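The block underneath contains the structure these notes are about, expressed in structure tokens.
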Amino acid sequence: MSRAPVWPDVDDPLAGALAEAGQQGQPEGQAAGTHEAVAAWVSQVIKPERPSTVVRQRLFRTLEGVERYQPFFGALQDIFDISEAALRAVLARIDEATGWSLHGEARYFHFAPGPRMATQEAGVVRMAPGVVFPRHAHRAGEVTFVIDGLMNDRGRLYGPGSLVEANPGTTHDYRSVGVGRDLILLSRHGGIEFSQG
């Protein structure tokens with residue numbers, strides 16, 4: 001049993017668009033017409049609205065807080081073998097002014113990784129643009145996850161979401177590059193030795 005198409009009133013662009021979209025194998029020109037009809041309906045019906053002060057403040061708090069790293073939660077939980085609650089506690093410390101140690105101009109703090117990583121050291125490093133984390137050698141491997149800023153390690157640039165690995169015995173330093181954004185990374189390793197001089 002076939003159904004005859006029901007043609008909508010031409011003054012209703014959404015109905016027209018939906019009717020066109022429902023047709024199988026529509027020619028390219030009709031598909032373009034569908035997009036135009038939906039765009040026309042959106043511009044007539046949906047008006048831009050400025051969010052309330054409360055909504056804007058909540059949005060800005062989200063952008064400034066732990067939630068800005070939410071896209072990385074799964075990878076970080078796996079790399080460090082920690083729960084979401086433990087990860088949130090680590091990430092919350094990033095914006096605190098106190099609790100950091102210094103190595104040169106690099107700021108850092110340690111945290112405890114989960115049971116699978118219990119033999120490794122884990123920490124957060126934060127560096128302003130232009131700061132270099134000093135040259136060091138890895139007794140065991142290192143896994144670093146960049147969550148903000150840009151890192152130059154051995155001539156390659158890594159941005160947010162990048163995973164950087166160093167093999168045992170690797171010697172390197174790395175630099176925070178870019179303008180206006182600190183490099184923030186989480187790292188785990190099996191011990192490091194800083195180069196002399």
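Lettering and numbering for the structure tokens are positional, with chains as A, B, ... in the shown order, residues counted from 1 in each chain, and ligands counted from 1 in the shown order.
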
- [ ] Can you check which residues of segment 18-191 of chain A DSSP gives as alpha helix (DSSP H) on the backbone and send them as an MDAnalysis selection string?
- [x] chainID A and resid 18:21 28:45 53:64 73:80 84:92

Based on the selection just made, write C-alpha atoms of those residues as a short mmCIF file (atom, residue, chain, number, x, y, z; two decimals), in the first residue's frame.
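To be explicit, this is the file written out as selection.cif:
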data_model
loop_
_atom_site.label_atom_id
_atom_site.label_comp_id
_atom_site.auth_asym_id
_atom_site.auth_seq_id
_atom_site.Cartn_x
_atom_site.Cartn_y
_atom_site.Cartn_z
CA LEU A 18 9.87 17.97 7.32
CA ALA A 19 7.77 16.78 4.39
CA GLU A 20 10.78 17.12 2.06
CA ALA A 21 13.09 15.37 4.51
CA GLU A 28 20.37 17.29 -4.27
CA GLY A 29 18.32 20.42 -5.02
CA GLN A 30 15.52 19.27 -2.72
CA ALA A 31 18.00 18.51 0.08
CA ALA A 32 19.31 22.06 -0.22
CA GLY A 33 15.73 23.30 -0.09
CA THR A 34 15.20 21.31 3.11
CA HIS A 35 18.18 22.98 4.76
CA GLU A 36 16.97 26.40 3.63
CA ALA A 37 13.44 25.75 4.91
CA VAL A 38 14.67 24.58 8.33
CA ALA A 39 17.01 27.59 8.56
CA ALA A 40 14.13 29.93 7.70
CA TRP A 41 11.92 28.32 10.36
CA VAL A 42 14.69 28.55 12.99
CA SER A 43 15.25 32.24 12.23
CA GLN A 44 11.51 32.96 12.56
CA VAL A 45 10.77 30.91 15.67
CA THR A 53 23.15 36.63 35.41
CA VAL A 54 22.79 33.49 37.52
CA VAL A 55 23.13 31.22 34.48
CA ARG A 56 26.16 33.17 33.20
CA GLN A 57 27.86 33.00 36.62
CA ARG A 58 27.22 29.25 36.81
CA LEU A 59 28.65 28.80 33.31
CA PHE A 60 31.78 30.80 34.16
CA ARG A 61 32.28 28.81 37.38
CA THR A 62 32.09 25.63 35.30
CA LEU A 63 34.67 26.95 32.84
CA GLU A 64 37.00 27.94 35.67
CA PHE A 73 38.32 12.30 33.14
CA GLY A 74 38.16 8.82 31.60
CA ALA A 75 41.73 8.86 30.28
CA LEU A 76 43.13 10.32 33.52
CA GLN A 77 41.28 7.81 35.70
CA ASP A 78 42.76 4.99 33.61
CA ILE A 79 46.31 6.39 33.50
CA PHE A 80 46.43 6.97 37.26
CA GLU A 84 36.46 10.08 39.64
CA ALA A 85 36.14 11.50 43.16
CA ALA A 86 39.90 11.17 43.73
CA LEU A 87 40.62 12.72 40.33
CA ARG A 88 38.30 15.64 41.08
CA ALA A 89 40.15 16.24 44.36
CA VAL A 90 43.49 16.33 42.51
CA LEU A 91 42.17 18.67 39.81
CA ALA A 92 40.57 20.99 42.37
#

Just the residues within 12 Å of segment 95-101 of chain A, please, counting only C-alpha atoms, with nothing from its chain fewer than 6 positions along; format it as a list in words.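 With the cut-off at 12 Å, the set is Glu64, Gly65, Val66, Arg68, Ala89, Arg107, Tyr108, Phe109, His110, Phe111, Gly123, Val124, Val125, Arg126, Met127, Asp182 and Ile184 of chain A.
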
Could you give me, as an MDAnalysis selection string, each residue of segment 23-192 of chain A that DSSP assigns to strand (DSSP E or B) when run on this structure's backbone? chainID A and resid 101:103 106:111 121:127 132:138 142:148 150:153 156:158 163:166 171:177 183:189 192

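The residue that comes closest to Arg154 of chain A, out of A:Asp173, A:Ala137, A:Ala122, A:Ile82 and on the basis of only C-alpha atoms, is A:Asp173.
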